[in-house]
Amino acid sequence: MSATFRIVNGRVYDPINDIDGVVQDICVQDGKIVASLPEDAKTIDARGMVVMPGGVDMHCHIAGPKVNMARKLQPEDHRHDPHPRTPFTRSGSGGTVPSTFATGYRYAMLGYTTAMEAAVPPLGALHTIEELHDTPILDKGFFVLLANNLFLYQLLQEGRREEFRDAVAWWFNVTRAYAPKLVNPGGDEAWKRGNSNIVDLDDQVEGFKVTPRQIIEALVDAANELNLPHPAHIHCNNLGIAGNYQTTLETMRTITGRRAHITHIQFHTYGGPFGGKPISKAREIVDYISKHPEISADVGQVMFGRATGMTADAPLAWMLRRVTGSKWVNVDVENESGCGIVAVEYKDTNYVHALQWGIGLELFLLSDDPWRMVLSTDHPNGGSFMSYPRLIRLLMDRQFRNDQIRAVNQQAMKKTVLLDDLQREYSLQEIAIITRAGPARLLGLTDKGHLGVGADADITVYMEDEDKEEMFSLPRYVIKDGKLIIEDGEFREDHHGRILHVAPDYNPDIEKSLRPFFDKYYTLQFENYGVGEQYLHSHQVIPTTGQ
Ligand SMILES: [Zn+2]
């Protein structure tokens, strides 16, 4: 049973309920926020402190086969960063790809209480669920990779759109996924067949009469028709390549008027000759999104230091391996996806790395709607989630930001607007939007990202501090489901969060087509493919509205 208590005297930032720094009580009972409590209820005094909903990371890579492969690839990444056990918590290792337990604890230490693993092939669903169960404190879910799926390609090229939607819904039910993920549609098939890539949205995918444009439209439509809480989550074609902002704009034009999310958009905001030296096109991307309320994005900020490239975009990983010369692993996933992992280090002296860092900041600073341009580093691709406090300081502290801008590669900065001494400083309310309220709303998690009556009692209390990196590095209290988990940087209790997933309705006749496809092309039997009920210890089905 969770505790009952009232948080008093704290300044509350709760953008969804339009509360902007007002001193007011927050009442907690049975894991939820409630309207009031008896006078004699226990209190937590938050005088001089800031009260926010728990952080929500809508795009990170924390569990599943590729994450595990990345751990194995880089023992040196963990060796110098042990995560010791405490009376309440288990041990682990850190680095850019922490072990499961350390991942949960370290997110919680920053005040985060929900995180979404952003790319899992259906064949990796069970592994992912098992690792997510081992990732403590957090509520979590995963996005399932569907844009390089050969069964779906077959239905699409035959114009069987209703069955396409049923198959998508079937995949959600058998994998227990949360949202549909598109990664370089068509690119993995080109990689598997000839170690090549697909460049144009209207190029045909080798072996099929489908194009990336058709795949994108079909999956965006299926997600919207199924009323999924989060729409299609798109990693566009041509990630990381100069000139790719045209592909990004064209992707957004293709789905105009239809709800969709473009992820780590910084990596898709490059001008310059295709494949040549990149420049920033942040203004063009921000302008398009500003005029299209149906589109949202997360930034995918690059932070200097060690990172790990891990992606279902296999040809991209090969390109990164050629650029970095560092160790690399490629894994094809039969019928469903590809995968590549590369060790990366972002250097502030490097033109491209500094430009990427600068474009991310431009996207944050030029965007006029923080609800639709939310914070991510695409952990651990652009940098670790542990760098979020520093990123928050870059957004909130103009002097600090300008000092940093002057210290990095100046040729790169000249290709951005950052040398113009941008005045914008994010307020605490805007930080609350891009780190909790915005991601929760975009994910369709109505009980998260706010502190209104009925919300999950996931609450973070920070000491006010001029140094925002300091402030956001070490919350005073972290409360999950109404339990006081962390006080003054010390764990008081462990906690097992929930798996969040969807289960949209579908016509079961689709299995009549799926079964023979499995018999013919999969190495796994149809019966052994899905994640059975017995693996879902603690979970919550998020309703698909309209059903
Ligand atoms: Zn990602």
# chains A, B, ... in the order shown; residues from 1 in each chain; ligands from 1
call {"tool": "select_by_dssp", "arguments": {"residues": "stretch 81-316 of chain A", "states": "alpha helix (DSSP H)", "output": "PyMOL selection string"}}
result
chain A and resi 100-109+125-133+150-157+161-175+187-194+212-225+245-254+282-291+314-316
call {"tool": "residues_around", "arguments": {"residues": "A:Ile341", "least_positions_apart": "6", "cutoff": "7 Å", "atoms": "only C-alpha atoms", "output": "list in words"}}
result
Ala70, Gly309, Met310, Thr311, Ala317, Trp328, Val329 and Asn330 of chain A
call {"tool": "select_by_dssp", "arguments": {"residues": "stretch 218-358 of chain A", "states": "strand (DSSP E)", "output": "PyMOL selection string"}}
result
chain A and resi 233-235+260-262+270-271+279-280+295-298+305-311+328-330+340-346
call {"tool": "closest_atom_pairs", "arguments": {"of": "chain A", "to": "ligand 1", "cutoff": "12 Å", "atoms": "only C-alpha atoms and all ligand atoms", "output": "Markdown table"}}
result
| residue | atom | partner | partner_atom_place_in_ligand_line | distance |
| --- | --- | --- | --- | --- |
| A:Asp57 | CA | ligand 1 | 1 (Zn) | 11.5 |
| A:Met58 | CA | ligand 1 | 1 (Zn) | 9.9 |
| A:His59 | CA | ligand 1 | 1 (Zn) | 6.1 |
| A:Cys60 | CA | ligand 1 | 1 (Zn) | 5.8 |
| A:His61 | CA | ligand 1 | 1 (Zn) | 6.3 |
| A:Ile62 | CA | ligand 1 | 1 (Zn) | 10.1 |
| A:Ala63 | CA | ligand 1 | 1 (Zn) | 12.0 |
| A:Lys66 | CA | ligand 1 | 1 (Zn) | 11.5 |
| A:Val67 | CA | ligand 1 | 1 (Zn) | 11.3 |
| A:Met116 | CA | ligand 1 | 1 (Zn) | 10.1 |
| A:Glu117 | CA | ligand 1 | 1 (Zn) | 8.2 |
| A:Ala118 | CA | ligand 1 | 1 (Zn) | 5.6 |
| A:Ala119 | CA | ligand 1 | 1 (Zn) | 6.7 |
| A:Val120 | CA | ligand 1 | 1 (Zn) | 10.3 |
| A:Phe142 | CA | ligand 1 | 1 (Zn) | 11.3 |
| A:Phe143 | CA | ligand 1 | 1 (Zn) | 10.1 |
| A:Val144 | CA | ligand 1 | 1 (Zn) | 11.9 |
| A:Leu145 | CA | ligand 1 | 1 (Zn) | 11.4 |
| A:Lys181 | CA | ligand 1 | 1 (Zn) | 9.7 |
| A:Leu182 | CA | ligand 1 | 1 (Zn) | 10.5 |
| A:Val183 | CA | ligand 1 | 1 (Zn) | 9.0 |
| A:Asn184 | CA | ligand 1 | 1 (Zn) | 11.7 |
| A:His233 | CA | ligand 1 | 1 (Zn) | 10.0 |
| A:Ile234 | CA | ligand 1 | 1 (Zn) | 9.7 |
| A:His235 | CA | ligand 1 | 1 (Zn) | 7.7 |
| A:Cys236 | CA | ligand 1 | 1 (Zn) | 11.2 |
| A:Leu239 | CA | ligand 1 | 1 (Zn) | 11.1 |
| A:Ile262 | CA | ligand 1 | 1 (Zn) | 10.8 |
| A:Thr263 | CA | ligand 1 | 1 (Zn) | 7.3 |
| A:His264 | CA | ligand 1 | 1 (Zn) | 6.9 |
| A:Ile265 | CA | ligand 1 | 1 (Zn) | 10.3 |
| A:Gln266 | CA | ligand 1 | 1 (Zn) | 11.7 |
| A:Phe267 | CA | ligand 1 | 1 (Zn) | 10.4 |
| A:Asp298 | CA | ligand 1 | 1 (Zn) | 10.1 |
| A:Val299 | CA | ligand 1 | 1 (Zn) | 10.7 |
| A:Gly300 | CA | ligand 1 | 1 (Zn) | 8.0 |
| A:Gln301 | CA | ligand 1 | 1 (Zn) | 11.3 |
| A:Thr308 | CA | ligand 1 | 1 (Zn) | 10.9 |
| A:Gly309 | CA | ligand 1 | 1 (Zn) | 9.0 |
| A:Met310 | CA | ligand 1 | 1 (Zn) | 7.6 |
| A:Thr311 | CA | ligand 1 | 1 (Zn) | 6.6 |
| A:Ala312 | CA | ligand 1 | 1 (Zn) | 8.6 |
| A:Asp313 | CA | ligand 1 | 1 (Zn) | 9.8 |
| A:Cys339 | CA | ligand 1 | 1 (Zn) | 11.7 |
| A:Ile341 | CA | ligand 1 | 1 (Zn) | 11.9 |
| A:Ser376 | CA | ligand 1 | 1 (Zn) | 9.2 |
| A:Thr377 | CA | ligand 1 | 1 (Zn) | 8.5 |
| A:Asp378 | CA | ligand 1 | 1 (Zn) | 4.7 |
| A:His379 | CA | ligand 1 | 1 (Zn) | 7.0 |
| A:Pro380 | CA | ligand 1 | 1 (Zn) | 8.2 |
| A:Asn381 | CA | ligand 1 | 1 (Zn) | 6.9 |
| A:Gly382 | CA | ligand 1 | 1 (Zn) | 9.0 |
| A:Gly383 | CA | ligand 1 | 1 (Zn) | 11.1 |
| A:Ser384 | CA | ligand 1 | 1 (Zn) | 11.9 |
call {"tool": "closest_residue", "arguments": {"among": "A:Asn238, A:Ser513, A:Gln157, A:Gln411", "to": "A:Asn197", "atoms": "only C-alpha atoms"}}
result
A:Asn238
call {"tool": "residues_around", "arguments": {"residues": "A:Arg515", "least_positions_apart": "3", "cutoff": "12 Å", "atoms": "only C-alpha atoms", "output": "MDAnalysis selection string"}}
result
chainID A and resid 151 167 508:512 518:522 524:529
call {"tool": "residues_around", "arguments": {"residues": "A:Ile486", "least_positions_apart": "3", "cutoff": "8 Å", "atoms": "only C-alpha atoms", "output": "MDAnalysis selection string"}}
result
chainID A and resid 108:109 476:479 489:493
call {"tool": "closest_residue", "arguments": {"among": "A:Arg258, A:His230, A:Arg213, A:His353", "to": "A:Val323", "atoms": "only C-alpha atoms"}}
result
A:His353
call {"tool": "residues_around", "arguments": {"residues": "A:Gln423", "least_positions_apart": "2", "cutoff": "9 Å", "atoms": "only C-alpha atoms", "output": "ChimeraX atom specification"}}
result
/A:365,398,420-421,425
call {"tool": "write_last_selection", "arguments": {"atoms": "all heavy atoms", "output": "PDB file, in the first residue's frame"}}
result
ATOM      1  N   LEU A 365      15.563  26.276 -29.725  1.00  0.00           N
ATOM      2  CA  LEU A 365      15.471  27.719 -29.492  1.00  0.00           C
ATOM      3  C   LEU A 365      14.609  28.430 -30.532  1.00  0.00           C
ATOM      4  O   LEU A 365      14.037  29.484 -30.245  1.00  0.00           O
ATOM      5  CB  LEU A 365      16.881  28.332 -29.451  1.00  0.00           C
ATOM      6  CG  LEU A 365      17.747  27.814 -28.285  1.00  0.00           C
ATOM      7  CD1 LEU A 365      19.198  28.241 -28.459  1.00  0.00           C
ATOM      8  CD2 LEU A 365      17.209  28.296 -26.934  1.00  0.00           C
ATOM      9  N   ARG A 398      21.472  31.581 -20.865  1.00  0.00           N
ATOM     10  CA  ARG A 398      22.021  32.153 -22.100  1.00  0.00           C
ATOM     11  C   ARG A 398      23.537  32.373 -22.016  1.00  0.00           C
ATOM     12  O   ARG A 398      24.261  32.105 -22.978  1.00  0.00           O
ATOM     13  CB  ARG A 398      21.301  33.483 -22.335  1.00  0.00           C
ATOM     14  CG  ARG A 398      21.730  34.245 -23.543  1.00  0.00           C
ATOM     15  CD  ARG A 398      20.851  35.482 -23.597  1.00  0.00           C
ATOM     16  NE  ARG A 398      21.361  36.517 -24.455  1.00  0.00           N
ATOM     17  CZ  ARG A 398      20.957  37.793 -24.371  1.00  0.00           C
ATOM     18  NH1 ARG A 398      20.065  38.145 -23.469  1.00  0.00           N
ATOM     19  NH2 ARG A 398      21.442  38.685 -25.192  1.00  0.00           N
ATOM     20  N   ASP A 420      24.400  34.546 -33.131  1.00  0.00           N
ATOM     21  CA  ASP A 420      23.619  35.785 -33.028  1.00  0.00           C
ATOM     22  C   ASP A 420      23.170  36.090 -31.604  1.00  0.00           C
ATOM     23  O   ASP A 420      22.327  36.964 -31.398  1.00  0.00           O
ATOM     24  CB  ASP A 420      22.358  35.699 -33.916  1.00  0.00           C
ATOM     25  CG  ASP A 420      22.707  35.558 -35.385  1.00  0.00           C
ATOM     26  OD1 ASP A 420      23.889  35.793 -35.727  1.00  0.00           O
ATOM     27  OD2 ASP A 420      21.820  35.192 -36.170  1.00  0.00           O
ATOM     28  N   ASP A 421      23.699  35.364 -30.619  1.00  0.00           N
ATOM     29  CA  ASP A 421      23.344  35.607 -29.222  1.00  0.00           C
ATOM     30  C   ASP A 421      21.827  35.524 -29.017  1.00  0.00           C
ATOM     31  O   ASP A 421      21.177  36.486 -28.605  1.00  0.00           O
ATOM     32  CB  ASP A 421      23.873  36.986 -28.782  1.00  0.00           C
ATOM     33  CG  ASP A 421      23.556  37.271 -27.320  1.00  0.00           C
ATOM     34  OD1 ASP A 421      23.379  36.304 -26.556  1.00  0.00           O
ATOM     35  OD2 ASP A 421      23.467  38.459 -26.962  1.00  0.00           O
ATOM     36  N   GLU A 425      15.605  32.040 -23.326  1.00  0.00           N
ATOM     37  CA  GLU A 425      15.970  31.164 -22.213  1.00  0.00           C
ATOM     38  C   GLU A 425      14.703  30.413 -21.826  1.00  0.00           C
ATOM     39  O   GLU A 425      13.681  31.034 -21.548  1.00  0.00           O
ATOM     40  CB  GLU A 425      16.484  31.973 -21.021  1.00  0.00           C
ATOM     41  CG  GLU A 425      17.848  32.594 -21.262  1.00  0.00           C
ATOM     42  CD  GLU A 425      18.390  33.322 -20.031  1.00  0.00           C
ATOM     43  OE1 GLU A 425      17.578  33.907 -19.289  1.00  0.00           O
ATOM     44  OE2 GLU A 425      19.613  33.285 -19.822  1.00  0.00           O
TER      45      GLU A 425
END
call {"tool": "residues_around", "arguments": {"residues": "A:Arg106", "least_positions_apart": "5", "cutoff": "10 Å", "atoms": "only C-alpha atoms", "output": "list in words"}}
result
His83, Gly94, Pro98, Phe101, Gly111, Tyr112, Pro136, Ile137, Phe385 and Met386 of chain A
call {"tool": "write_last_selection", "arguments": {"atoms": "all heavy atoms", "output": "mmCIF file, in the first residue's frame"}}
result
data_model
loop_
_atom_site.group_PDB
_atom_site.id
_atom_site.type_symbol
_atom_site.label_atom_id
_atom_site.label_comp_id
_atom_site.auth_asym_id
_atom_site.auth_seq_id
_atom_site.Cartn_x
_atom_site.Cartn_y
_atom_site.Cartn_z
ATOM 1 N N HIS A 83 28.068 0.483 -10.791
ATOM 2 C CA HIS A 83 26.899 1.018 -10.092
ATOM 3 C C HIS A 83 26.669 0.134 -8.862
ATOM 4 O O HIS A 83 26.091 -0.943 -8.964
ATOM 5 C CB HIS A 83 25.681 1.008 -11.028
ATOM 6 C CG HIS A 83 24.492 1.693 -10.454
ATOM 7 N ND1 HIS A 83 24.197 3.020 -10.718
ATOM 8 C CD2 HIS A 83 23.541 1.262 -9.596
ATOM 9 C CE1 HIS A 83 23.101 3.356 -10.060
ATOM 10 N NE2 HIS A 83 22.685 2.302 -9.378
ATOM 11 N N GLY A 94 27.503 1.103 -15.580
ATOM 12 C CA GLY A 94 26.994 2.298 -16.262
ATOM 13 C C GLY A 94 27.569 2.459 -17.651
ATOM 14 O O GLY A 94 27.446 1.568 -18.484
ATOM 15 N N PRO A 98 23.970 1.541 -19.891
ATOM 16 C CA PRO A 98 23.983 0.902 -18.571
ATOM 17 C C PRO A 98 23.240 -0.433 -18.584
ATOM 18 O O PRO A 98 22.405 -0.690 -19.456
ATOM 19 C CB PRO A 98 23.250 1.894 -17.668
ATOM 20 C CG PRO A 98 23.185 3.176 -18.422
ATOM 21 C CD PRO A 98 23.236 2.813 -19.876
ATOM 22 N N PHE A 101 19.320 -2.793 -14.439
ATOM 23 C CA PHE A 101 19.010 -2.219 -13.126
ATOM 24 C C PHE A 101 19.536 -0.788 -13.029
ATOM 25 O O PHE A 101 18.829 0.122 -12.584
ATOM 26 C CB PHE A 101 19.602 -3.093 -12.008
ATOM 27 C CG PHE A 101 18.926 -4.425 -11.917
ATOM 28 C CD1 PHE A 101 19.544 -5.570 -12.384
ATOM 29 C CD2 PHE A 101 17.648 -4.530 -11.387
ATOM 30 C CE1 PHE A 101 18.901 -6.794 -12.323
ATOM 31 C CE2 PHE A 101 16.997 -5.750 -11.322
ATOM 32 C CZ PHE A 101 17.631 -6.893 -11.797
ATOM 33 N N GLY A 111 14.980 12.038 -11.686
ATOM 34 C CA GLY A 111 13.574 12.440 -11.570
ATOM 35 C C GLY A 111 12.696 11.939 -12.692
ATOM 36 O O GLY A 111 11.570 12.395 -12.855
ATOM 37 N N TYR A 112 13.196 10.987 -13.484
ATOM 38 C CA TYR A 112 12.380 10.390 -14.548
ATOM 39 C C TYR A 112 11.658 9.155 -14.021
ATOM 40 O O TYR A 112 12.245 8.343 -13.289
ATOM 41 C CB TYR A 112 13.245 10.010 -15.762
ATOM 42 C CG TYR A 112 13.420 11.153 -16.724
ATOM 43 C CD1 TYR A 112 14.260 12.218 -16.408
ATOM 44 C CD2 TYR A 112 12.722 11.198 -17.929
ATOM 45 C CE1 TYR A 112 14.400 13.292 -17.278
ATOM 46 C CE2 TYR A 112 12.861 12.269 -18.804
ATOM 47 C CZ TYR A 112 13.695 13.309 -18.473
ATOM 48 O OH TYR A 112 13.821 14.369 -19.336
ATOM 49 N N PRO A 136 14.119 -1.235 -13.060
ATOM 50 C CA PRO A 136 13.244 -0.879 -11.940
ATOM 51 C C PRO A 136 12.737 0.559 -11.983
ATOM 52 O O PRO A 136 13.167 1.356 -12.821
ATOM 53 C CB PRO A 136 14.162 -1.083 -10.721
ATOM 54 C CG PRO A 136 15.547 -0.983 -11.246
ATOM 55 C CD PRO A 136 15.518 -1.396 -12.679
ATOM 56 N N ILE A 137 11.857 0.845 -11.082
ATOM 57 C CA ILE A 137 11.239 2.152 -10.823
ATOM 58 C C ILE A 137 10.332 2.598 -11.984
ATOM 59 O O ILE A 137 9.175 2.948 -11.775
ATOM 60 C CB ILE A 137 12.270 3.301 -10.560
ATOM 61 C CG1 ILE A 137 13.439 2.806 -9.682
ATOM 62 C CG2 ILE A 137 11.561 4.528 -9.978
ATOM 63 C CD1 ILE A 137 13.122 2.460 -8.279
ATOM 64 N N PHE A 385 21.292 9.688 -21.512
ATOM 65 C CA PHE A 385 20.259 10.442 -20.779
ATOM 66 C C PHE A 385 20.844 11.151 -19.563
ATOM 67 O O PHE A 385 20.265 12.107 -19.054
ATOM 68 C CB PHE A 385 19.084 9.539 -20.377
ATOM 69 C CG PHE A 385 19.407 8.439 -19.398
ATOM 70 C CD1 PHE A 385 19.478 8.694 -18.044
ATOM 71 C CD2 PHE A 385 19.638 7.139 -19.835
ATOM 72 C CE1 PHE A 385 19.774 7.675 -17.129
ATOM 73 C CE2 PHE A 385 19.931 6.116 -18.942
ATOM 74 C CZ PHE A 385 20.004 6.393 -17.586
ATOM 75 N N MET A 386 22.022 10.697 -19.123
ATOM 76 C CA MET A 386 22.654 11.354 -17.979
ATOM 77 C C MET A 386 23.082 12.784 -18.312
ATOM 78 O O MET A 386 23.427 13.555 -17.424
ATOM 79 C CB MET A 386 23.880 10.541 -17.521
ATOM 80 C CG MET A 386 23.544 9.147 -17.013
ATOM 81 S SD MET A 386 22.545 9.164 -15.510
ATOM 82 C CE MET A 386 23.777 9.637 -14.308
#
call {"tool": "atom_distance", "arguments": {"atom1": "atom CA of A:Leu152", "atom2": "atom CA of A:Tyr245"}}
result
27.3 Å
call {"tool": "residues_around", "arguments": {"residues": "A:Ala440", "least_positions_apart": "3", "cutoff": "12 Å", "atoms": "only C-alpha atoms", "output": "ChimeraX atom specification"}}
result
/A:15-16,53-59,112-116,139-140,229-230,371-372,374-375,432-437,443-450,455-456
call {"tool": "write_last_selection", "arguments": {"atoms": "C-alpha atoms", "output": "PDB file, in the first residue's frame"}}
result
ATOM      1  CA  PRO A  15       1.665  22.856 -17.551  1.00  0.00           C
ATOM      2  CA  ILE A  16      -1.191  20.500 -18.496  1.00  0.00           C
ATOM      3  CA  PRO A  53       5.430  15.598 -12.534  1.00  0.00           C
ATOM      4  CA  GLY A  54       7.944  12.763 -12.976  1.00  0.00           C
ATOM      5  CA  GLY A  55      10.006  12.989 -16.174  1.00  0.00           C
ATOM      6  CA  VAL A  56       8.824  11.114 -19.280  1.00  0.00           C
ATOM      7  CA  ASP A  57      11.375  10.040 -21.892  1.00  0.00           C
ATOM      8  CA  MET A  58       9.458   9.263 -25.081  1.00  0.00           C
ATOM      9  CA  HIS A  59      12.441   8.013 -27.091  1.00  0.00           C
ATOM     10  CA  TYR A 112      12.380  10.390 -14.548  1.00  0.00           C
ATOM     11  CA  THR A 113       9.602   7.879 -13.912  1.00  0.00           C
ATOM     12  CA  THR A 114       8.555   6.769 -17.436  1.00  0.00           C
ATOM     13  CA  ALA A 115      10.664   5.800 -20.483  1.00  0.00           C
ATOM     14  CA  MET A 116       9.904   4.308 -23.885  1.00  0.00           C
ATOM     15  CA  ASP A 139       6.914   2.590 -16.154  1.00  0.00           C
ATOM     16  CA  LYS A 140       7.960   1.636 -19.654  1.00  0.00           C
ATOM     17  CA  PRO A 229      -2.552   6.636 -28.191  1.00  0.00           C
ATOM     18  CA  HIS A 230       0.736   7.483 -29.951  1.00  0.00           C
ATOM     19  CA  TRP A 371       4.615  20.813 -26.764  1.00  0.00           C
ATOM     20  CA  ARG A 372       5.638  19.540 -30.195  1.00  0.00           C
ATOM     21  CA  VAL A 374      10.359  17.790 -26.935  1.00  0.00           C
ATOM     22  CA  LEU A 375      13.643  16.806 -25.323  1.00  0.00           C
ATOM     23  CA  ALA A 432       8.362  20.921 -17.536  1.00  0.00           C
ATOM     24  CA  ILE A 433       6.691  20.814 -20.966  1.00  0.00           C
ATOM     25  CA  ILE A 434       9.613  19.367 -22.953  1.00  0.00           C
ATOM     26  CA  THR A 435      10.609  16.804 -20.297  1.00  0.00           C
ATOM     27  CA  ARG A 436       7.257  15.536 -18.953  1.00  0.00           C
ATOM     28  CA  ALA A 437       3.979  17.207 -19.956  1.00  0.00           C
ATOM     29  CA  LEU A 443       2.316   9.456 -26.019  1.00  0.00           C
ATOM     30  CA  GLY A 444      -1.360   9.719 -25.122  1.00  0.00           C
ATOM     31  CA  LEU A 445      -0.631   8.860 -21.486  1.00  0.00           C
ATOM     32  CA  THR A 446      -3.430  10.792 -19.823  1.00  0.00           C
ATOM     33  CA  ASP A 447      -2.436   9.817 -16.256  1.00  0.00           C
ATOM     34  CA  LYS A 448       1.141  11.008 -16.691  1.00  0.00           C
ATOM     35  CA  GLY A 449       2.975  14.286 -17.169  1.00  0.00           C
ATOM     36  CA  HIS A 450       0.665  16.216 -14.854  1.00  0.00           C
ATOM     37  CA  ALA A 455      -2.924  11.387 -12.264  1.00  0.00           C
ATOM     38  CA  ASP A 456      -0.356   8.767 -11.308  1.00  0.00           C
TER      39      ASP A 456
END
call {"tool": "atom_distance", "arguments": {"atom1": "atom CA of A:Gly240", "atom2": "atom CA of A:Leu73"}}
result
22.5 Å
call {"tool": "closest_residue", "arguments": {"among": "A:Val531, A:Leu316, A:Ala46, A:Cys27", "to": "A:Asn9", "atoms": "only C-alpha atoms"}}
result
A:Ala46
call {"tool": "closest_residue", "arguments": {"among": "A:Gly141, A:Gly10, A:Pro82, A:Gly95", "to": "A:Gly64", "atoms": "only C-alpha atoms"}}
result
A:Gly141
